[in-house]
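Participant: One structure, as structure tokens, below. Some questions next.
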Amino acid sequence: MTYLNLVNNVLKRLRERTVSAVSESAYSDLVGVLVNDAKAEVENAWNWSALRNTLTLTTSSGIFNYELNGTGNNFSVMDVVSEDGNFFMEYRTQHDFNKFYLNQTPANGIPRYYNFNGVSSDSDTLVDLYPKPNGVYTIYFNIIQRTGDLSADSDTLVIPSQPVLMLAYAKAVEERGEDGGVSATSAYSTAARVLNDAIAQDAQRHAEELEWTV
């Protein structure tokens with residue numbers, strides 16, 4: 001569903017006239033803001049299949065700090081895999097990395113540990129590796145990569161649209177007080193049910209992530 005479709009679907013539920021562009025009126029513009037607020041909340045609610053991505057990092061000898069191109073600063077790590085070492089890399093704290101690089105002579109070899117350390121000038125996340133690479137190695141970052149705000153009318157959601165639509169509608173009802181007898185509480189309750197149903201459906205693809213071991 002496109003950004004414009006989402007805004008018009010909310011407007012219809014509010015019994016407002018639809019628009020040909022999100023920016024057509026001050027009110028449709030406001031609904032567009034609420035749609036993006038709802039999208040951000042829904043994206044954060046679950047590790048959606050549609051947001052899963054693998055980034056490939058290729059090291060250079062002697063360089064320990066790298067930019068994860070395309071990540072922005074809104075993602076979660078599922079796991080990090082060293083192709084050359086055939087193992088899962090481990091996260092270590094900034095304190096550990098200070099010890100590795102500042103309090104001792106850093107070791108060289110196939111990286112085993114990683115730590116996130118700031119962002120680049122174009123807002124992509126920077127990652128430090130240890131040991132310091134002594135050659136060219138391939139590392140896979142399996143992540144949940146959340147998307148930026150919808151802006152163009154034709155921008156589309158990659159996550160399920162119904163939870164975003166219903167949550168945006170609930171926010172719109174709350175913003176104007178009431179919608180023909182529909183309270184914000186009732187609208188949020190419906191939005192929560194729709195979101196739970198969508199998560200349950202998506203979770204069937206990753207049932208192992210819902211299993212707990214003691």
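In the structure tokens, each chain is lettered A, B, ... as it comes, each chain's residues begin at 1, and ligands are numbered from 1 in order of appearance.
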Write out as a PyMOL selection string the set of residues from range 3-211 of chain A that DSSP, computed on the backbone, places in strand (DSSP E).
Facilitator: chain A and resi 52-58+65-67+75-82+87-88+90-91+108-109+113-119+125-130+132-133+138-145
Participant: According to DSSP computed on the backbone, where in range 4-211 of chain A is there alpha helix (DSSP H)? Give the residues as a tab-separated table (two decimals) with C-alpha atoms, in the first residue's frame.
Facilitator:
chain	number	residue	atom	x	y	z
A	4	LEU	CA	-1.12	8.14	-0.44
A	5	ASN	CA	-3.30	5.02	-0.16
A	6	LEU	CA	-2.67	4.85	3.57
A	7	VAL	CA	-3.51	8.53	4.10
A	8	ASN	CA	-6.71	8.26	2.04
A	9	ASN	CA	-7.80	5.12	3.89
A	10	VAL	CA	-7.42	6.96	7.19
A	11	LEU	CA	-9.32	9.95	5.80
A	12	LYS	CA	-12.17	7.69	4.65
A	13	ARG	CA	-12.46	6.20	8.13
A	26	ALA	CA	-3.00	20.77	6.19
A	27	TYR	CA	-5.14	17.93	7.52
A	28	SER	CA	-3.95	15.33	5.01
A	29	ASP	CA	-0.41	16.43	5.84
A	30	LEU	CA	-1.14	15.79	9.52
A	31	VAL	CA	-2.54	12.35	8.73
A	32	GLY	CA	0.68	11.67	6.81
A	33	VAL	CA	2.67	12.43	9.97
A	34	LEU	CA	0.45	10.05	11.96
A	35	VAL	CA	0.95	7.34	9.33
A	36	ASN	CA	4.72	7.63	9.69
A	37	ASP	CA	4.44	7.60	13.48
A	38	ALA	CA	2.36	4.43	13.25
A	39	LYS	CA	4.78	2.85	10.77
A	40	ALA	CA	7.70	3.42	13.13
A	41	GLU	CA	5.83	1.84	16.04
A	42	VAL	CA	4.75	-1.19	14.02
A	43	GLU	CA	8.27	-1.72	12.64
A	44	ASN	CA	9.61	-1.69	16.21
A	45	ALA	CA	6.97	-4.12	17.47
A	94	GLN	CA	33.25	-0.45	24.38
A	95	HIS	CA	35.26	-1.03	27.56
A	96	ASP	CA	36.58	-4.29	26.12
A	97	PHE	CA	37.56	-2.59	22.88
A	98	ASN	CA	39.34	0.19	24.76
A	99	LYS	CA	41.33	-2.52	26.50
A	100	PHE	CA	42.05	-4.33	23.22
A	101	TYR	CA	43.28	-1.24	21.39
A	102	LEU	CA	44.42	1.23	24.05
A	161	SER	CA	-0.16	-2.37	5.93
A	162	GLN	CA	-3.26	-3.08	8.04
A	163	PRO	CA	-1.59	-2.60	11.45
A	164	VAL	CA	-0.11	0.70	10.27
A	165	LEU	CA	-3.44	1.85	8.88
A	166	MET	CA	-5.42	1.01	12.01
A	167	LEU	CA	-2.85	2.53	14.37
A	168	ALA	CA	-2.71	5.73	12.29
A	169	TYR	CA	-6.51	5.89	12.43
A	170	ALA	CA	-6.43	5.47	16.22
A	171	LYS	CA	-3.93	8.31	16.49
A	172	ALA	CA	-6.16	10.48	14.29
A	173	VAL	CA	-9.21	9.74	16.47
A	174	GLU	CA	-7.18	10.64	19.55
A	175	GLU	CA	-5.95	13.87	17.92
A	176	ARG	CA	-9.46	15.14	17.18
A	184	ALA	CA	-9.52	6.56	20.92
A	185	THR	CA	-9.52	3.67	23.42
A	186	SER	CA	-11.69	1.56	21.14
A	187	ALA	CA	-9.63	2.48	18.07
A	188	TYR	CA	-6.35	1.62	19.83
A	189	SER	CA	-7.82	-1.68	21.01
A	190	THR	CA	-8.68	-2.60	17.42
A	191	ALA	CA	-5.22	-1.51	16.24
A	192	ALA	CA	-3.57	-3.68	18.90
A	193	ARG	CA	-5.64	-6.72	17.86
A	194	VAL	CA	-4.77	-6.22	14.20
A	195	LEU	CA	-1.08	-5.85	15.07
A	196	ASN	CA	-1.10	-9.01	17.21
A	197	ASP	CA	-2.74	-10.97	14.39
A	198	ALA	CA	-0.15	-9.73	11.88
A	199	ILE	CA	2.73	-10.62	14.23
A	200	ALA	CA	1.26	-14.09	14.79
A	201	GLN	CA	1.08	-14.70	11.06
A	202	ASP	CA	4.62	-13.47	10.43
A	203	ALA	CA	5.95	-15.39	13.44
Participant: Work out how far apart CA of Val119 in chain A and CA of Gly85 in chain A are and give it in Å to one decimal.
Facilitator: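 For CA of Val119 in chain A relative to CA of Gly85 in chain A, the distance reads 26.7 Å.
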Participant: Env of Asn117 in chain A: 7 Å cut, atoms = only C-alpha atoms, seq-sep filter 2 positions within chain, self excluded. Answer as a PDB file with N, CA and C atoms, in the first residue's frame.
Facilitator:
ATOM      1  N   ASN A 115      32.022  -4.299  17.856  1.00  0.00           N
ATOM      2  CA  ASN A 115      31.422  -3.291  18.718  1.00  0.00           C
ATOM      3  C   ASN A 115      31.039  -2.096  17.860  1.00  0.00           C
ATOM      4  N   VAL A 119      28.619   6.922  14.237  1.00  0.00           N
ATOM      5  CA  VAL A 119      28.021   6.909  12.905  1.00  0.00           C
ATOM      6  C   VAL A 119      28.887   7.723  11.956  1.00  0.00           C
ATOM      7  N   LEU A 126      28.971   2.802  12.355  1.00  0.00           N
ATOM      8  CA  LEU A 126      30.363   2.366  12.272  1.00  0.00           C
ATOM      9  C   LEU A 126      30.580   1.202  13.222  1.00  0.00           C
ATOM     10  N   VAL A 127      31.374   0.238  12.805  1.00  0.00           N
ATOM     11  CA  VAL A 127      31.637  -0.941  13.620  1.00  0.00           C
ATOM     12  C   VAL A 127      33.141  -1.163  13.735  1.00  0.00           C
ATOM     13  N   ASP A 128      33.596  -1.500  14.947  1.00  0.00           N
ATOM     14  CA  ASP A 128      34.989  -1.874  15.184  1.00  0.00           C
ATOM     15  C   ASP A 128      35.095  -3.389  15.254  1.00  0.00           C
TER      16      ASP A 128
END
Participant: Please indicate the distance in Å from CA of Ser123 in chain A to CA of Val136 in chain A, rounded to one decimal place.
Facilitator: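 Between CA of Ser123 in chain A and CA of Val136 in chain A the gap is 25.1 Å.
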Participant: For Tyr91 in chain A, which residue out of A:Phe64, A:Thr54, A:Gly118, A:Leu129 is the nearest one, using only C-alpha atoms?
Facilitator: A:Leu129
Participant: Find the residues near Asn74 in chain A: any atom within 10 Å, counting only C-alpha atoms, skip ones fewer than 2 places away on the same chain, and give them as a PyMOL selection string.
Facilitator: chain A and resi 44+71-72+76+123-125+144-148
Participant: For the selection you just gave me, I'd like the residues written to a file as a tab-separated table (two decimals), in the first residue's frame, keeping all heavy atoms.
Facilitator:
chain	number	residue	atom	x	y	z
A	44	ASN	N	8.89	-1.38	14.97
A	44	ASN	CA	9.61	-1.69	16.21
A	44	ASN	C	8.96	-2.80	17.02
A	44	ASN	O	9.56	-3.32	17.96
A	44	ASN	CB	9.72	-0.44	17.09
A	44	ASN	CG	10.74	0.55	16.56
A	44	ASN	OD1	11.76	0.17	16.01
A	44	ASN	ND2	10.47	1.84	16.75
A	71	THR	N	22.87	1.09	6.56
A	71	THR	CA	22.16	0.74	7.79
A	71	THR	C	21.40	1.91	8.39
A	71	THR	O	20.39	1.73	9.05
A	71	THR	CB	23.13	0.23	8.86
A	71	THR	OG1	24.16	1.21	9.08
A	71	THR	CG2	23.75	-1.08	8.47
A	72	GLY	N	21.92	3.14	8.17
A	72	GLY	CA	21.37	4.24	8.93
A	72	GLY	C	21.69	4.00	10.40
A	72	GLY	O	22.67	3.36	10.74
A	76	SER	N	18.59	-3.54	14.20
A	76	SER	CA	18.93	-4.48	15.25
A	76	SER	C	19.72	-5.63	14.64
A	76	SER	O	19.44	-6.04	13.52
A	76	SER	CB	17.68	-5.03	15.94
A	76	SER	OG	16.90	-3.99	16.47
A	123	SER	N	25.40	9.19	8.28
A	123	SER	CA	24.53	8.59	9.30
A	123	SER	C	24.45	7.07	9.26
A	123	SER	O	23.53	6.48	9.83
A	123	SER	CB	23.10	9.16	9.23
A	123	SER	OG	23.12	10.56	9.44
A	124	ASP	N	25.40	6.41	8.62
A	124	ASP	CA	25.48	4.95	8.71
A	124	ASP	C	26.30	4.56	9.93
A	124	ASP	O	27.20	5.28	10.36
A	124	ASP	CB	26.13	4.36	7.44
A	124	ASP	CG	25.17	4.32	6.28
A	124	ASP	OD1	23.96	4.20	6.52
A	124	ASP	OD2	25.63	4.40	5.12
A	125	THR	N	25.98	3.40	10.50
A	125	THR	CA	26.64	2.95	11.71
A	125	THR	C	28.07	2.49	11.43
A	125	THR	O	28.34	1.86	10.41
A	125	THR	CB	25.83	1.80	12.34
A	125	THR	OG1	24.54	2.31	12.73
A	125	THR	CG2	26.52	1.24	13.57
A	144	ILE	N	17.87	-6.57	11.35
A	144	ILE	CA	16.53	-6.05	11.11
A	144	ILE	C	16.73	-4.59	10.72
A	144	ILE	O	17.14	-3.77	11.54
A	144	ILE	CB	15.64	-6.14	12.36
A	144	ILE	CG1	15.57	-7.57	12.87
A	144	ILE	CG2	14.24	-5.59	12.07
A	144	ILE	CD1	14.99	-8.55	11.90
A	145	GLN	N	16.47	-4.27	9.45
A	145	GLN	CA	16.76	-2.94	8.92
A	145	GLN	C	15.47	-2.16	8.76
A	145	GLN	O	14.73	-2.32	7.79
A	145	GLN	CB	17.49	-3.05	7.59
A	145	GLN	CG	18.01	-1.73	7.08
A	145	GLN	CD	18.98	-1.91	5.92
A	145	GLN	OE1	19.22	-3.02	5.46
A	145	GLN	NE2	19.55	-0.82	5.46
A	146	ARG	N	15.18	-1.29	9.74
A	146	ARG	CA	13.96	-0.50	9.70
A	146	ARG	C	14.08	0.61	8.67
A	146	ARG	O	15.17	1.09	8.39
A	146	ARG	CB	13.64	0.04	11.09
A	146	ARG	CG	13.43	-1.10	12.09
A	146	ARG	CD	13.21	-0.63	13.51
A	146	ARG	NE	13.14	-1.78	14.40
A	146	ARG	CZ	14.19	-2.32	15.00
A	146	ARG	NH1	15.40	-1.81	14.81
A	146	ARG	NH2	14.05	-3.37	15.79
A	147	THR	N	12.96	1.02	8.12
A	147	THR	CA	12.96	1.94	7.00
A	147	THR	C	12.75	3.38	7.47
A	147	THR	O	12.28	3.63	8.58
A	147	THR	CB	11.85	1.58	6.00
A	147	THR	OG1	10.58	1.66	6.65
A	147	THR	CG2	12.05	0.16	5.49
A	148	GLY	N	13.10	4.32	6.60
A	148	GLY	CA	12.87	5.73	6.89
A	148	GLY	C	11.42	6.12	6.67
A	148	GLY	O	10.59	5.31	6.21
Participant: Write out as a list in words the residues lying within 8 Å of Ile110 in chain A, counting only C-alpha atoms and excluding same-chain residues fewer than 5 positions away.
Facilitator: Asp84, Gly85, Tyr130, Pro131, Lys132, Pro133, Asn134, Gly135 and Tyr137 of chain A
Participant: May I ask which of the residues A:His206, A:Trp46, A:Asn108, A:Thr18 is the closest one to Ser60 in chain A, counting only C-alpha atoms?
Facilitator: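 Closest to Ser60 in chain A, using only C-alpha atoms: A:Asn108.
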Participant: As an NGL selection string, please: the residues near Phe141 in chain A (cut-off 8 Å, only C-alpha atoms, same-chain neighbours under 5 positions excluded).
Facilitator: :A and (54-57 or 77-81)
Participant: Write out, as a PDB file, in the first residue's frame, the residues just selected, with N, CA, C and O atoms.
Facilitator:
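selection_28.pdb was written with the following content:
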ATOM      1  N   THR A  54      20.752  -8.962   5.006  1.00  0.00           N
ATOM      2  CA  THR A  54      22.128  -9.356   5.280  1.00  0.00           C
ATOM      3  C   THR A  54      23.064  -8.364   4.611  1.00  0.00           C
ATOM      4  O   THR A  54      22.994  -8.152   3.394  1.00  0.00           O
ATOM      5  N   LEU A  55      23.910  -7.735   5.419  1.00  0.00           N
ATOM      6  CA  LEU A  55      24.921  -6.823   4.899  1.00  0.00           C
ATOM      7  C   LEU A  55      26.267  -7.532   4.884  1.00  0.00           C
ATOM      8  O   LEU A  55      26.614  -8.239   5.831  1.00  0.00           O
ATOM      9  N   THR A  56      27.019  -7.324   3.819  1.00  0.00           N
ATOM     10  CA  THR A  56      28.326  -7.951   3.686  1.00  0.00           C
ATOM     11  C   THR A  56      29.412  -6.915   3.926  1.00  0.00           C
ATOM     12  O   THR A  56      29.438  -5.860   3.286  1.00  0.00           O
ATOM     13  N   LEU A  57      30.303  -7.207   4.852  1.00  0.00           N
ATOM     14  CA  LEU A  57      31.444  -6.342   5.143  1.00  0.00           C
ATOM     15  C   LEU A  57      32.709  -7.076   4.718  1.00  0.00           C
ATOM     16  O   LEU A  57      32.921  -8.228   5.112  1.00  0.00           O
ATOM     17  N   VAL A  77      20.674  -6.151  15.393  1.00  0.00           N
ATOM     18  CA  VAL A  77      21.485  -7.262  14.911  1.00  0.00           C
ATOM     19  C   VAL A  77      20.877  -8.578  15.360  1.00  0.00           C
ATOM     20  O   VAL A  77      20.525  -8.747  16.533  1.00  0.00           O
ATOM     21  N   MET A  78      20.762  -9.506  14.417  1.00  0.00           N
ATOM     22  CA  MET A  78      20.331 -10.856  14.747  1.00  0.00           C
ATOM     23  C   MET A  78      21.556 -11.731  15.036  1.00  0.00           C
ATOM     24  O   MET A  78      21.623 -12.402  16.047  1.00  0.00           O
ATOM     25  N   ASP A  79      22.502 -11.728  14.112  1.00  0.00           N
ATOM     26  CA  ASP A  79      23.781 -12.392  14.367  1.00  0.00           C
ATOM     27  C   ASP A  79      24.800 -11.889  13.351  1.00  0.00           C
ATOM     28  O   ASP A  79      24.459 -11.229  12.366  1.00  0.00           O
ATOM     29  N   VAL A  80      26.063 -12.171  13.650  1.00  0.00           N
ATOM     30  CA  VAL A  80      27.171 -11.747  12.788  1.00  0.00           C
ATOM     31  C   VAL A  80      28.028 -12.976  12.527  1.00  0.00           C
ATOM     32  O   VAL A  80      28.455 -13.656  13.470  1.00  0.00           O
ATOM     33  N   VAL A  81      28.279 -13.261  11.255  1.00  0.00           N
ATOM     34  CA  VAL A  81      28.944 -14.497  10.864  1.00  0.00           C
ATOM     35  C   VAL A  81      30.230 -14.195  10.114  1.00  0.00           C
ATOM     36  O   VAL A  81      30.252 -13.372   9.192  1.00  0.00           O
TER      37      VAL A  81
END
Participant: Could you give me, as an MDAnalysis selection string, the residues within 7 Å of range 151-156 of chain A, counting only C-alpha atoms and dropping anything in the same chain fewer than 6 positions from it?
Facilitator: chainID A and resid 1:4 21:22
Participant: Go ahead and save the picked residues with C-alpha atoms, as an mmCIF file, in the first residue's frame.
Facilitator:
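For reference, out_3.cif as written:
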data_model
loop_
_atom_site.group_PDB
_atom_site.id
_atom_site.type_symbol
_atom_site.label_atom_id
_atom_site.label_comp_id
_atom_site.auth_asym_id
_atom_site.auth_seq_id
_atom_site.Cartn_x
_atom_site.Cartn_y
_atom_site.Cartn_z
ATOM 1 C CA MET A 1 0.000 0.000 0.000
ATOM 2 C CA THR A 2 1.383 3.417 -0.951
ATOM 3 C CA TYR A 3 1.774 6.402 1.335
ATOM 4 C CA LEU A 4 -1.116 8.138 -0.436
ATOM 5 C CA ALA A 21 -1.514 14.145 -2.800
ATOM 6 C CA VAL A 22 -0.551 13.754 0.861
#
Participant: How many Å lie between CA of Ile139 in chain A and CA of Asn86 in chain A, rounded to one decimal?
Facilitator: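 Separating CA of Ile139 in chain A from CA of Asn86 in chain A is a distance of 9.9 Å.
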